Amino acid sequence: MKINKAEIIISAVSEAQYPKDKLPEIVLLGRSNVGKSSLINTLINCQHLARTSSRPGKTQTMNFYQINDQFRFVDMPGYGYAKVSRKEQEKWGQMIENYLLNRDNLKMTFLLVDSRHEPTEDDQLMYNWLKYYHLSTQVILTKFDKLSSSQKKQSIKKLIGTLSIEPDHILPFSSVTKEGVETCWQIIEDSISHE
Ligand code: GTP
Ligand code: MG
């Protein structure tokens, strides 16, 4: 997709602030620091649209990024960030759950998992939850550039084992080498064109 326009529409903290039109949305989920905001920047080839940080907990609101007035990425706060209070985590958990279950605009869920580590308990819970509710989910294995070729194979194997997922439902991705970018766009275009 050729990007002509990419802009943040709203950093929402409540449902009342969500955009009210019918544009399709792709949501990004995953633990804090996994590379959600970086993936958006990499896909649209603009390093400064979504704020990223080497310290976890950077994204603290639901950020709606509109692309070509055609669709939106919804960048979520990451889970598993210890410094956020329990109350705050519960509030976010409820908001994300509510968004996932009730948002008609939602077309596709990207669940990002860090390729350097085994999927966490939170990753497994999230994946099973998405499956249970039959939400279209693509698992993206991030930071793939950080692995050697044997580690790459190992990390895909681990993911298949822990999530009981089909190998072709896993997309290795790197914001550094751009591996996975084209396939990711294919998935986005397919999901936003099916009404
Ligand atoms: P929160 O907003 O805290 O939930 O984090 P996030 O999931 O949005 O992560 P973010 O995109 O801010 O990236 C976290 C860190 O990982 C940053 O320092 C990025 O530069 C780095 N990073 C993200 N993707 C990649 C990648 O593909 N390769 C490498 N080497 N580093 C990456
Ligand atoms: Mg972020």
# chains A, B, ... in the order shown; residues from 1 in each chain; ligands from 1

call {"tool": "residues_near_ligand", "arguments": {"ligand": "ligand 2", "cutoff": "10 Å", "atoms": "only C-alpha atoms and all ligand atoms", "output": "PyMOL selection string"}}
result
chain A and resi 28-40+50-63+75-78

call {"tool": "residues_around", "arguments": {"residues": "Phe73 (chain A)", "least_positions_apart": "3", "cutoff": "7 Å", "atoms": "only C-alpha atoms", "output": "ChimeraX atom specification"}}
result
/A:25-27,64-66

call {"tool": "closest_residue", "arguments": {"among": "A:Gln94, A:Lys83, A:Asn105, A:His48", "to": "Lys20 (chain A)", "atoms": "only C-alpha atoms"}}
result
A:Asn105

call {"tool": "residues_around", "arguments": {"residues": "Lys22 (chain A)", "least_positions_apart": "4", "cutoff": "12 Å", "atoms": "only C-alpha atoms", "output": "list in words"}}
result
Tyr18, Asp69, Gln70, Phe71, Arg72, Arg103, Asp104, Asn105, Leu106, Lys107, Ile192 and Glu195 of chain A

call {"tool": "write_last_selection", "arguments": {"atoms": "N, CA, C and O atoms", "output": "CSV table (one decimal), in the first residue's frame"}}
result
chain,number,residue,atom,x,y,z
A,18,TYR,N,-13.6,7.0,21.1
A,18,TYR,CA,-13.2,6.2,19.9
A,18,TYR,C,-13.9,6.9,18.7
A,18,TYR,O,-15.0,7.4,18.8
A,69,ASP,N,-6.7,7.6,5.2
A,69,ASP,CA,-8.2,7.7,5.4
A,69,ASP,C,-8.9,6.4,5.0
A,69,ASP,O,-10.1,6.4,4.6
A,70,GLN,N,-8.2,5.3,5.1
A,70,GLN,CA,-8.7,4.0,4.6
A,70,GLN,C,-8.9,3.0,5.7
A,70,GLN,O,-9.8,2.2,5.7
A,71,PHE,N,-8.0,3.0,6.7
A,71,PHE,CA,-8.1,2.1,7.8
A,71,PHE,C,-7.3,2.7,9.0
A,71,PHE,O,-6.6,3.7,8.8
A,72,ARG,N,-7.4,2.1,10.2
A,72,ARG,CA,-6.6,2.5,11.3
A,72,ARG,C,-5.9,1.4,12.0
A,72,ARG,O,-6.4,0.3,12.0
A,103,ARG,N,-16.2,-3.8,19.4
A,103,ARG,CA,-15.9,-2.8,18.4
A,103,ARG,C,-16.2,-3.3,17.0
A,103,ARG,O,-15.5,-4.2,16.5
A,104,ASP,N,-17.2,-2.8,16.3
A,104,ASP,CA,-17.6,-3.3,15.0
A,104,ASP,C,-16.5,-3.0,13.9
A,104,ASP,O,-16.4,-3.8,13.0
A,105,ASN,N,-15.7,-2.0,14.1
A,105,ASN,CA,-14.7,-1.6,13.2
A,105,ASN,C,-13.6,-2.7,13.1
A,105,ASN,O,-12.8,-2.7,12.1
A,106,LEU,N,-13.4,-3.4,14.2
A,106,LEU,CA,-12.3,-4.3,14.3
A,106,LEU,C,-12.3,-5.5,13.3
A,106,LEU,O,-13.2,-6.2,13.2
A,107,LYS,N,-11.2,-5.5,12.5
A,107,LYS,CA,-11.2,-6.5,11.4
A,107,LYS,C,-10.1,-7.6,11.7
A,107,LYS,O,-10.2,-8.7,11.2
A,192,ILE,N,-8.9,-5.8,5.5
A,192,ILE,CA,-9.7,-4.6,5.4
A,192,ILE,C,-10.6,-4.5,4.1
A,192,ILE,O,-11.5,-3.7,4.0
A,195,GLU,N,-15.6,-7.1,3.7
A,195,GLU,CA,-16.6,-6.5,4.6
A,195,GLU,C,-17.6,-7.5,5.1
A,195,GLU,O,-17.8,-8.5,4.5

call {"tool": "residues_around", "arguments": {"residues": "Trp92 (chain A)", "least_positions_apart": "2", "cutoff": "12 Å", "atoms": "only C-alpha atoms", "output": "ChimeraX atom specification"}}
result
/A:12-15,59-62,76-81,84-90,94-99

call {"tool": "write_last_selection", "arguments": {"atoms": "N, CA, C and O atoms", "output": "JSON list (two decimals), in the first residue's frame"}}
result
[["chain", "number", "residue", "atom", "x", "y", "z"],
["A", 12, "ALA", "N", -6.99, 7.68, 23.07],
["A", 12, "ALA", "CA", -8.22, 7.53, 23.85],
["A", 12, "ALA", "C", -7.97, 6.89, 25.20],
["A", 12, "ALA", "O", -7.13, 6.02, 25.36],
["A", 13, "VAL", "N", -8.71, 7.35, 26.21],
["A", 13, "VAL", "CA", -8.69, 6.71, 27.52],
["A", 13, "VAL", "C", -10.09, 6.20, 27.90],
["A", 13, "VAL", "O", -10.28, 5.61, 28.94],
["A", 14, "SER", "N", -11.06, 6.48, 27.03],
["A", 14, "SER", "CA", -12.40, 5.94, 27.27],
["A", 14, "SER", "C", -13.13, 5.70, 25.96],
["A", 14, "SER", "O", -12.78, 6.28, 24.92],
["A", 15, "GLU", "N", -14.13, 4.85, 26.01],
["A", 15, "GLU", "CA", -14.84, 4.43, 24.81],
["A", 15, "GLU", "C", -15.50, 5.61, 24.08],
["A", 15, "GLU", "O", -15.59, 5.62, 22.85],
["A", 59, "THR", "N", 3.55, 3.14, 25.73],
["A", 59, "THR", "CA", 2.20, 3.46, 25.27],
["A", 59, "THR", "C", 1.20, 3.25, 26.41],
["A", 59, "THR", "O", 1.08, 2.15, 26.93],
["A", 60, "GLN", "N", 0.55, 4.33, 26.81],
["A", 60, "GLN", "CA", -0.34, 4.24, 27.98],
["A", 60, "GLN", "C", -1.77, 4.63, 27.64],
["A", 60, "GLN", "O", -2.61, 4.79, 28.54],
["A", 61, "THR", "N", -2.03, 4.83, 26.36],
["A", 61, "THR", "CA", -3.40, 5.14, 25.95],
["A", 61, "THR", "C", -3.70, 4.29, 24.72],
["A", 61, "THR", "O", -2.79, 3.69, 24.15],
["A", 62, "MET", "N", -4.96, 4.26, 24.30],
["A", 62, "MET", "CA", -5.29, 3.56, 23.05],
["A", 62, "MET", "C", -5.12, 4.56, 21.93],
["A", 62, "MET", "O", -5.90, 5.50, 21.81],
["A", 76, "MET", "N", -2.20, -0.47, 21.38],
["A", 76, "MET", "CA", -2.67, -0.63, 22.76],
["A", 76, "MET", "C", -1.51, -0.55, 23.76],
["A", 76, "MET", "O", -0.38, -0.91, 23.43],
["A", 77, "PRO", "N", -1.82, -0.19, 25.01],
["A", 77, "PRO", "CA", -0.79, -0.31, 26.05],
["A", 77, "PRO", "C", -0.43, -1.78, 26.19],
["A", 77, "PRO", "O", -1.30, -2.64, 26.05],
["A", 78, "GLY", "N", 0.83, -2.07, 26.46],
["A", 78, "GLY", "CA", 1.25, -3.47, 26.59],
["A", 78, "GLY", "C", 0.83, -4.06, 27.91],
["A", 78, "GLY", "O", 0.64, -3.34, 28.89],
["A", 79, "TYR", "N", 0.69, -5.39, 27.94],
["A", 79, "TYR", "CA", 0.41, -6.02, 29.23],
["A", 79, "TYR", "C", 1.70, -6.49, 29.88],
["A", 79, "TYR", "O", 2.77, -6.49, 29.26],
["A", 80, "GLY", "N", 1.59, -6.86, 31.14],
["A", 80, "GLY", "CA", 2.74, -7.41, 31.86],
["A", 80, "GLY", "C", 3.79, -6.39, 32.24],
["A", 80, "GLY", "O", 4.95, -6.73, 32.46],
["A", 81, "TYR", "N", 3.38, -5.14, 32.36],
["A", 81, "TYR", "CA", 4.35, -4.12, 32.78],
["A", 81, "TYR", "C", 4.19, -3.89, 34.28],
["A", 81, "TYR", "O", 3.20, -3.32, 34.74],
["A", 84, "VAL", "N", 3.03, -0.63, 36.42],
["A", 84, "VAL", "CA", 1.68, -0.08, 36.39],
["A", 84, "VAL", "C", 0.90, -0.73, 37.53],
["A", 84, "VAL", "O", 0.99, -1.94, 37.74],
["A", 85, "SER", "N", 0.17, 0.08, 38.31],
["A", 85, "SER", "CA", -0.55, -0.46, 39.47],
["A", 85, "SER", "C", -1.57, -1.50, 39.03],
["A", 85, "SER", "O", -2.04, -1.50, 37.89],
["A", 86, "ARG", "N", -1.93, -2.35, 39.97],
["A", 86, "ARG", "CA", -2.88, -3.41, 39.69],
["A", 86, "ARG", "C", -4.22, -2.83, 39.23],
["A", 86, "ARG", "O", -4.85, -3.34, 38.30],
["A", 87, "LYS", "N", -4.60, -1.75, 39.90],
["A", 87, "LYS", "CA", -5.88, -1.10, 39.58],
["A", 87, "LYS", "C", -5.86, -0.60, 38.13],
["A", 87, "LYS", "O", -6.81, -0.77, 37.37],
["A", 88, "GLU", "N", -4.75, 0.01, 37.79],
["A", 88, "GLU", "CA", -4.59, 0.55, 36.43],
["A", 88, "GLU", "C", -4.62, -0.59, 35.40],
["A", 88, "GLU", "O", -5.25, -0.49, 34.36],
["A", 89, "GLN", "N", -3.93, -1.70, 35.72],
["A", 89, "GLN", "CA", -3.90, -2.86, 34.82],
["A", 89, "GLN", "C", -5.30, -3.42, 34.60],
["A", 89, "GLN", "O", -5.67, -3.80, 33.50],
["A", 90, "GLU", "N", -6.08, -3.46, 35.69],
["A", 90, "GLU", "CA", -7.45, -3.97, 35.59],
["A", 90, "GLU", "C", -8.30, -3.06, 34.71],
["A", 90, "GLU", "O", -9.07, -3.51, 33.88],
["A", 94, "GLN", "N", -9.99, -4.24, 31.19],
["A", 94, "GLN", "CA", -11.42, -4.12, 30.88],
["A", 94, "GLN", "C", -11.66, -3.33, 29.61],
["A", 94, "GLN", "O", -12.51, -3.69, 28.80],
["A", 95, "MET", "N", -10.90, -2.25, 29.45],
["A", 95, "MET", "CA", -11.09, -1.43, 28.25],
["A", 95, "MET", "C", -10.72, -2.19, 26.99],
["A", 95, "MET", "O", -11.42, -2.13, 25.97],
["A", 96, "ILE", "N", -9.63, -2.93, 27.04],
["A", 96, "ILE", "CA", -9.17, -3.68, 25.87],
["A", 96, "ILE", "C", -10.16, -4.80, 25.56],
["A", 96, "ILE", "O", -10.55, -5.00, 24.41],
["A", 97, "GLU", "N", -10.60, -5.48, 26.60],
["A", 97, "GLU", "CA", -11.58, -6.55, 26.42],
["A", 97, "GLU", "C", -12.87, -6.01, 25.79],
["A", 97, "GLU", "O", -13.41, -6.58, 24.85],
["A", 98, "ASN", "N", -13.31, -4.89, 26.31],
["A", 98, "ASN", "CA", -14.52, -4.26, 25.80],
["A", 98, "ASN", "C", -14.35, -3.87, 24.32],
["A", 98, "ASN", "O", -15.23, -4.11, 23.50],
["A", 99, "TYR", "N", -13.19, -3.32, 24.01],
["A", 99, "TYR", "CA", -12.91, -2.95, 22.62],
["A", 99, "TYR", "C", -12.95, -4.20, 21.74],
["A", 99, "TYR", "O", -13.60, -4.22, 20.70]]

call {"tool": "select_by_dssp", "arguments": {"residues": "region 21-158 of chain A", "states": "strand (DSSP E or B)", "output": "compact mmCIF listing (two decimals) with all heavy atoms, in the first residue's frame"}}
result
# COMPACT_ATOMS: atom_id res chain seq x y z
N GLU A 25 -10.42 -1.37 11.41
CA GLU A 25 -9.29 -1.20 12.35
C GLU A 25 -8.54 -2.52 12.55
O GLU A 25 -9.12 -3.60 12.56
CB GLU A 25 -9.82 -0.69 13.70
CG GLU A 25 -10.28 0.75 13.60
CD GLU A 25 -10.96 1.30 14.84
OE1 GLU A 25 -11.21 0.55 15.80
OE2 GLU A 25 -11.27 2.51 14.83
N ILE A 26 -7.23 -2.37 12.68
CA ILE A 26 -6.33 -3.49 13.00
C ILE A 26 -5.76 -3.16 14.38
O ILE A 26 -5.17 -2.09 14.54
CB ILE A 26 -5.14 -3.55 12.01
CG1 ILE A 26 -5.59 -3.43 10.56
CG2 ILE A 26 -4.23 -4.73 12.31
CD1 ILE A 26 -5.86 -4.71 9.87
N VAL A 27 -5.93 -4.06 15.32
CA VAL A 27 -5.45 -3.75 16.67
C VAL A 27 -4.15 -4.49 16.96
O VAL A 27 -3.93 -5.61 16.49
CB VAL A 27 -6.54 -4.07 17.71
CG1 VAL A 27 -6.73 -5.56 17.90
CG2 VAL A 27 -6.22 -3.43 19.04
N LEU A 28 -3.26 -3.84 17.72
CA LEU A 28 -1.99 -4.44 18.10
C LEU A 28 -1.96 -4.76 19.58
O LEU A 28 -2.12 -3.86 20.41
CB LEU A 28 -0.83 -3.50 17.76
CG LEU A 28 -0.56 -3.47 16.28
CD1 LEU A 28 -1.18 -2.23 15.68
CD2 LEU A 28 0.90 -3.51 16.02
N LEU A 29 -1.75 -6.04 19.88
CA LEU A 29 -1.71 -6.49 21.27
C LEU A 29 -0.38 -7.17 21.54
O LEU A 29 0.23 -7.74 20.63
CB LEU A 29 -2.81 -7.51 21.53
CG LEU A 29 -4.26 -7.08 21.29
CD1 LEU A 29 -5.17 -8.29 21.42
CD2 LEU A 29 -4.66 -6.01 22.28
N GLY A 30 0.02 -7.15 22.79
CA GLY A 30 1.25 -7.86 23.15
C GLY A 30 1.85 -7.23 24.38
O GLY A 30 1.48 -6.12 24.77
N ARG A 31 2.81 -7.96 24.98
CA ARG A 31 3.33 -7.42 26.22
C ARG A 31 4.16 -6.18 25.98
O ARG A 31 4.59 -5.90 24.85
CB ARG A 31 4.07 -8.49 27.01
CG ARG A 31 5.42 -8.85 26.51
CD ARG A 31 5.89 -10.08 27.28
NE ARG A 31 7.18 -10.49 26.80
CZ ARG A 31 8.33 -10.04 27.31
NH1 ARG A 31 8.34 -9.20 28.31
NH2 ARG A 31 9.48 -10.46 26.81
N MET A 62 -4.96 4.26 24.30
CA MET A 62 -5.29 3.56 23.05
C MET A 62 -5.12 4.56 21.93
O MET A 62 -5.90 5.50 21.81
CB MET A 62 -6.75 3.09 23.07
CG MET A 62 -6.99 1.92 23.98
SD MET A 62 -8.74 1.55 24.12
CE MET A 62 -9.05 0.80 22.56
N ASN A 63 -4.08 4.34 21.12
CA ASN A 63 -3.79 5.33 20.08
C ASN A 63 -4.31 4.88 18.72
O ASN A 63 -3.95 3.81 18.24
CB ASN A 63 -2.28 5.56 20.01
CG ASN A 63 -1.74 6.18 21.29
OD1 ASN A 63 -2.47 6.82 22.02
ND2 ASN A 63 -0.48 5.95 21.57
N PHE A 64 -5.14 5.71 18.13
CA PHE A 64 -5.75 5.40 16.84
C PHE A 64 -4.97 6.12 15.73
O PHE A 64 -5.01 7.35 15.66
CB PHE A 64 -7.22 5.84 16.81
CG PHE A 64 -8.12 5.02 17.68
CD1 PHE A 64 -8.12 5.18 19.06
CD2 PHE A 64 -8.99 4.09 17.13
CE1 PHE A 64 -8.96 4.43 19.88
CE2 PHE A 64 -9.83 3.32 17.93
CZ PHE A 64 -9.81 3.49 19.31
N TYR A 65 -4.29 5.35 14.89
CA TYR A 65 -3.51 5.93 13.79
C TYR A 65 -4.24 5.67 12.48
O TYR A 65 -4.47 4.52 12.11
CB TYR A 65 -2.12 5.30 13.72
CG TYR A 65 -1.27 5.60 14.93
CD1 TYR A 65 -1.11 4.65 15.93
CD2 TYR A 65 -0.66 6.84 15.09
CE1 TYR A 65 -0.34 4.92 17.06
CE2 TYR A 65 0.10 7.13 16.21
CZ TYR A 65 0.26 6.17 17.19
OH TYR A 65 1.00 6.44 18.30
N GLN A 66 -4.60 6.74 11.80
CA GLN A 66 -5.37 6.59 10.56
C GLN A 66 -4.44 6.66 9.35
O GLN A 66 -3.61 7.56 9.24
CB GLN A 66 -6.42 7.69 10.49
CG GLN A 66 -7.44 7.46 9.40
CD GLN A 66 -8.73 8.18 9.74
OE1 GLN A 66 -9.27 8.03 10.83
NE2 GLN A 66 -9.23 8.97 8.80
N ILE A 67 -4.60 5.68 8.45
CA ILE A 67 -3.71 5.55 7.30
C ILE A 67 -4.51 5.78 6.02
O ILE A 67 -5.50 5.07 5.76
CB ILE A 67 -3.07 4.13 7.27
CG1 ILE A 67 -2.51 3.74 8.65
CG2 ILE A 67 -2.01 4.05 6.17
CD1 ILE A 67 -1.43 4.63 9.23
N PHE A 71 -7.99 3.04 6.67
CA PHE A 71 -8.13 2.14 7.83
C PHE A 71 -7.31 2.72 8.99
O PHE A 71 -6.61 3.73 8.83
CB PHE A 71 -7.65 0.73 7.47
CG PHE A 71 -6.16 0.55 7.48
CD1 PHE A 71 -5.52 -0.03 8.57
CD2 PHE A 71 -5.38 0.97 6.41
CE1 PHE A 71 -4.14 -0.20 8.58
CE2 PHE A 71 -4.00 0.81 6.42
CZ PHE A 71 -3.38 0.22 7.51
N ARG A 72 -7.42 2.07 10.16
CA ARG A 72 -6.64 2.54 11.31
C ARG A 72 -5.90 1.40 12.00
O ARG A 72 -6.40 0.27 12.03
CB ARG A 72 -7.57 3.19 12.36
CG ARG A 72 -8.01 4.58 12.01
CD ARG A 72 -8.80 5.22 13.16
NE ARG A 72 -10.11 4.64 13.26
CZ ARG A 72 -11.20 5.15 12.70
NH1 ARG A 72 -11.14 6.28 12.01
NH2 ARG A 72 -12.35 4.55 12.84
N PHE A 73 -4.73 1.72 12.52
CA PHE A 73 -4.07 0.86 13.49
C PHE A 73 -4.49 1.36 14.87
O PHE A 73 -4.51 2.56 15.11
CB PHE A 73 -2.54 0.99 13.41
CG PHE A 73 -1.92 0.36 12.19
CD1 PHE A 73 -1.26 1.15 11.26
CD2 PHE A 73 -1.97 -1.01 11.99
CE1 PHE A 73 -0.66 0.58 10.14
CE2 PHE A 73 -1.37 -1.59 10.88
CZ PHE A 73 -0.72 -0.79 9.96
N VAL A 74 -4.78 0.42 15.76
CA VAL A 74 -5.05 0.81 17.14
C VAL A 74 -3.94 0.22 18.00
O VAL A 74 -3.83 -1.00 18.16
CB VAL A 74 -6.44 0.33 17.61
CG1 VAL A 74 -6.73 0.86 19.01
CG2 VAL A 74 -7.52 0.78 16.62
N ASP A 75 -3.10 1.10 18.51
CA ASP A 75 -1.92 0.71 19.30
C ASP A 75 -2.32 0.70 20.77
O ASP A 75 -2.74 1.72 21.31
CB ASP A 75 -0.80 1.74 19.05
CG ASP A 75 0.53 1.31 19.60
OD1 ASP A 75 0.67 0.13 20.01
OD2 ASP A 75 1.46 2.16 19.62
N TYR A 79 0.69 -5.39 27.94
CA TYR A 79 0.41 -6.02 29.23
C TYR A 79 1.70 -6.49 29.88
O TYR A 79 2.77 -6.49 29.26
CB TYR A 79 -0.59 -7.16 29.09
CG TYR A 79 -0.34 -8.17 27.99
CD1 TYR A 79 0.69 -9.11 28.09
CD2 TYR A 79 -1.14 -8.20 26.86
CE1 TYR A 79 0.90 -10.05 27.10
CE2 TYR A 79 -0.93 -9.13 25.85
CZ TYR A 79 0.09 -10.05 25.97
OH TYR A 79 0.31 -10.96 24.98
N LEU A 106 -13.42 -3.45 14.19
CA LEU A 106 -12.26 -4.34 14.31
C LEU A 106 -12.29 -5.46 13.27
O LEU A 106 -13.23 -6.23 13.19
CB LEU A 106 -12.24 -4.97 15.72
CG LEU A 106 -11.10 -5.96 15.97
CD1 LEU A 106 -9.74 -5.28 15.85
CD2 LEU A 106 -11.24 -6.58 17.36
N LYS A 107 -11.24 -5.53 12.46
CA LYS A 107 -11.15 -6.54 11.40
C LYS A 107 -10.09 -7.59 11.67
O LYS A 107 -10.18 -8.71 11.17
CB LYS A 107 -10.82 -5.88 10.05
CG LYS A 107 -11.84 -4.89 9.58
CD LYS A 107 -13.20 -5.53 9.34
CE LYS A 107 -14.26 -4.48 9.07
NZ LYS A 107 -15.54 -4.82 9.67
N MET A 108 -9.05 -7.22 12.39
CA MET A 108 -7.93 -8.15 12.54
C MET A 108 -7.13 -7.79 13.80
O MET A 108 -6.94 -6.62 14.11
CB MET A 108 -7.04 -8.04 11.30
CG MET A 108 -5.72 -8.76 11.36
SD MET A 108 -5.82 -10.52 11.58
CE MET A 108 -6.13 -11.04 9.91
N THR A 109 -6.72 -8.83 14.49
CA THR A 109 -5.91 -8.64 15.69
C THR A 109 -4.50 -9.15 15.42
O THR A 109 -4.33 -10.28 14.97
CB THR A 109 -6.53 -9.45 16.85
OG1 THR A 109 -7.84 -8.97 17.06
CG2 THR A 109 -5.73 -9.30 18.11
N PHE A 110 -3.53 -8.30 15.68
CA PHE A 110 -2.14 -8.73 15.63
C PHE A 110 -1.68 -8.98 17.06
O PHE A 110 -1.69 -8.06 17.88
CB PHE A 110 -1.24 -7.64 15.02
CG PHE A 110 -1.35 -7.50 13.52
CD1 PHE A 110 -0.73 -6.43 12.87
CD2 PHE A 110 -2.04 -8.42 12.75
CE1 PHE A 110 -0.82 -6.29 11.48
CE2 PHE A 110 -2.12 -8.30 11.35
CZ PHE A 110 -1.51 -7.23 10.72
N LEU A 111 -1.29 -10.21 17.34
CA LEU A 111 -0.74 -10.51 18.66
C LEU A 111 0.77 -10.65 18.50
O LEU A 111 1.25 -11.57 17.82
CB LEU A 111 -1.35 -11.80 19.22
CG LEU A 111 -0.77 -12.25 20.56
CD1 LEU A 111 -0.96 -11.21 21.65
CD2 LEU A 111 -1.40 -13.58 21.01
N LEU A 112 1.50 -9.75 19.14
CA LEU A 112 2.95 -9.74 19.00
C LEU A 112 3.61 -10.49 20.15
O LEU A 112 3.25 -10.29 21.32
CB LEU A 112 3.47 -8.29 18.95
CG LEU A 112 3.39 -7.59 17.60
CD1 LEU A 112 1.96 -7.44 17.12
CD2 LEU A 112 4.06 -6.23 17.65
N VAL A 113 4.55 -11.35 19.78
CA VAL A 113 5.29 -12.13 20.78
C VAL A 113 6.78 -11.95 20.51
O VAL A 113 7.22 -11.99 19.36
CB VAL A 113 4.89 -13.63 20.67
CG1 VAL A 113 5.69 -14.48 21.64
CG2 VAL A 113 3.40 -13.83 20.90
N ASP A 114 7.55 -11.76 21.57
CA ASP A 114 8.99 -11.52 21.43
C ASP A 114 9.71 -12.82 21.08
O ASP A 114 9.64 -13.80 21.83
CB ASP A 114 9.51 -10.96 22.77
CG ASP A 114 10.91 -10.37 22.64
OD1 ASP A 114 11.73 -10.92 21.88
OD2 ASP A 114 11.19 -9.37 23.32
N THR A 137 -6.95 -13.60 14.23
CA THR A 137 -5.68 -13.26 14.89
C THR A 137 -4.49 -13.69 14.05
O THR A 137 -4.44 -14.79 13.53
CB THR A 137 -5.59 -13.98 16.26
OG1 THR A 137 -6.72 -13.61 17.03
CG2 THR A 137 -4.33 -13.61 17.00
N GLN A 138 -3.54 -12.78 13.93
CA GLN A 138 -2.25 -13.10 13.33
C GLN A 138 -1.19 -12.96 14.41
O GLN A 138 -1.07 -11.90 15.04
CB GLN A 138 -1.97 -12.11 12.18
CG GLN A 138 -0.60 -12.26 11.57
CD GLN A 138 -0.41 -13.60 10.85
OE1 GLN A 138 -1.25 -13.99 10.04
NE2 GLN A 138 0.68 -14.29 11.14
N VAL A 139 -0.44 -14.02 14.65
CA VAL A 139 0.65 -13.94 15.63
C VAL A 139 1.91 -13.46 14.92
O VAL A 139 2.29 -14.00 13.88
CB VAL A 139 0.88 -15.29 16.33
CG1 VAL A 139 2.11 -15.23 17.24
CG2 VAL A 139 -0.34 -15.67 17.16
N ILE A 140 2.53 -12.44 15.47
CA ILE A 140 3.74 -11.87 14.87
C ILE A 140 4.91 -12.03 15.84
O ILE A 140 4.82 -11.62 17.01
CB ILE A 140 3.51 -10.39 14.51
CG1 ILE A 140 2.35 -10.30 13.50
CG2 ILE A 140 4.79 -9.75 13.96
CD1 ILE A 140 2.05 -8.91 13.01
N LEU A 141 5.95 -12.66 15.36
CA LEU A 141 7.13 -12.95 16.17
C LEU A 141 8.12 -11.80 15.95
O LEU A 141 8.75 -11.72 14.89
CB LEU A 141 7.69 -14.29 15.69
CG LEU A 141 8.47 -15.17 16.64
CD1 LEU A 141 7.84 -15.30 18.01
CD2 LEU A 141 8.67 -16.55 16.02
N THR A 142 8.26 -10.94 16.94
CA THR A 142 9.02 -9.70 16.75
C THR A 142 10.52 -9.83 17.05
O THR A 142 10.95 -10.81 17.67
CB THR A 142 8.46 -8.56 17.62
OG1 THR A 142 8.63 -8.93 18.99
CG2 THR A 142 7.00 -8.30 17.32

call {"tool": "atom_distance", "arguments": {"atom1": "CA of Met126 (chain A)", "atom2": "CA of Leu147 (chain A)"}}
result
24.3 Å

call {"tool": "closest_residue", "arguments": {"among": "A:Tyr132, A:Phe173, A:Trp185, A:Tyr127", "to": "ligand 1", "atoms": "only C-alpha atoms and all ligand atoms"}}
result
A:Phe173

call {"tool": "atom_distance", "arguments": {"atom1": "CA of Leu23 (chain A)", "atom2": "CA of Gln186 (chain A)"}}
result
17.9 Å

call {"tool": "residues_around", "arguments": {"residues": "Lys153 (chain A)", "least_positions_apart": "3", "cutoff": "12 Å", "atoms": "only C-alpha atoms", "output": "PyMOL selection string"}}
result
chain A and resi 115-116+141+144+147-150+156-160+167+172

call {"tool": "write_last_selection", "arguments": {"atoms": "N, CA, C and O atoms", "output": "short mmCIF file (atom, residue, chain, number, x, y, z; two decimals), in the first residue's frame"}}
result
data_model
loop_
_atom_site.label_atom_id
_atom_site.label_comp_id
_atom_site.auth_asym_id
_atom_site.auth_seq_id
_atom_site.Cartn_x
_atom_site.Cartn_y
_atom_site.Cartn_z
N SER A 115 10.39 -12.82 19.93
CA SER A 115 11.03 -14.06 19.46
C SER A 115 12.18 -14.51 20.35
O SER A 115 12.61 -15.66 20.30
N ARG A 116 12.68 -13.61 21.20
CA ARG A 116 13.85 -13.96 22.02
C ARG A 116 13.48 -14.75 23.27
O ARG A 116 14.33 -15.30 23.93
N LEU A 141 5.95 -12.66 15.36
CA LEU A 141 7.13 -12.95 16.17
C LEU A 141 8.12 -11.80 15.95
O LEU A 141 8.75 -11.72 14.89
N PHE A 144 13.05 -10.39 15.20
CA PHE A 144 13.65 -11.58 14.61
C PHE A 144 15.10 -11.37 14.22
O PHE A 144 15.88 -12.31 14.12
N LEU A 147 18.09 -12.81 16.40
CA LEU A 147 18.36 -14.24 16.55
C LEU A 147 19.28 -14.79 15.46
O LEU A 147 19.26 -14.31 14.32
N SER A 148 20.04 -15.81 15.83
CA SER A 148 20.82 -16.55 14.84
C SER A 148 19.87 -17.48 14.10
O SER A 148 18.73 -17.68 14.54
N SER A 149 20.33 -18.10 12.99
CA SER A 149 19.37 -18.92 12.24
C SER A 149 18.89 -20.13 13.04
O SER A 149 17.73 -20.52 12.92
N SER A 150 19.74 -20.69 13.88
CA SER A 150 19.25 -21.83 14.67
C SER A 150 18.27 -21.35 15.74
O SER A 150 17.27 -22.02 16.04
N ILE A 156 10.40 -20.48 16.58
CA ILE A 156 9.14 -20.83 15.91
C ILE A 156 8.60 -22.14 16.49
O ILE A 156 7.41 -22.27 16.77
N LYS A 157 9.52 -23.08 16.74
CA LYS A 157 9.13 -24.36 17.31
C LYS A 157 8.49 -24.18 18.69
O LYS A 157 7.45 -24.76 19.00
N LYS A 158 9.11 -23.32 19.50
CA LYS A 158 8.59 -23.04 20.85
C LYS A 158 7.19 -22.47 20.79
O LYS A 158 6.30 -22.84 21.55
N LEU A 159 7.00 -21.56 19.85
CA LEU A 159 5.71 -20.89 19.72
C LEU A 159 4.63 -21.89 19.30
O LEU A 159 3.52 -21.90 19.84
N ILE A 160 4.98 -22.75 18.35
CA ILE A 160 4.03 -23.77 17.90
C ILE A 160 3.64 -24.67 19.08
O ILE A 160 2.47 -24.98 19.28
N PRO A 167 1.96 -23.51 11.90
CA PRO A 167 3.16 -22.75 11.52
C PRO A 167 2.85 -21.58 10.58
O PRO A 167 3.44 -20.52 10.70
N PRO A 172 7.23 -14.15 11.24
CA PRO A 172 8.45 -13.55 11.78
C PRO A 172 8.58 -12.11 11.27
O PRO A 172 8.28 -11.85 10.09
#

call {"tool": "atom_distance", "arguments": {"atom1": "CA of Lys146 (chain A)", "atom2": "CA of Leu43 (chain A)"}}
result
18.8 Å
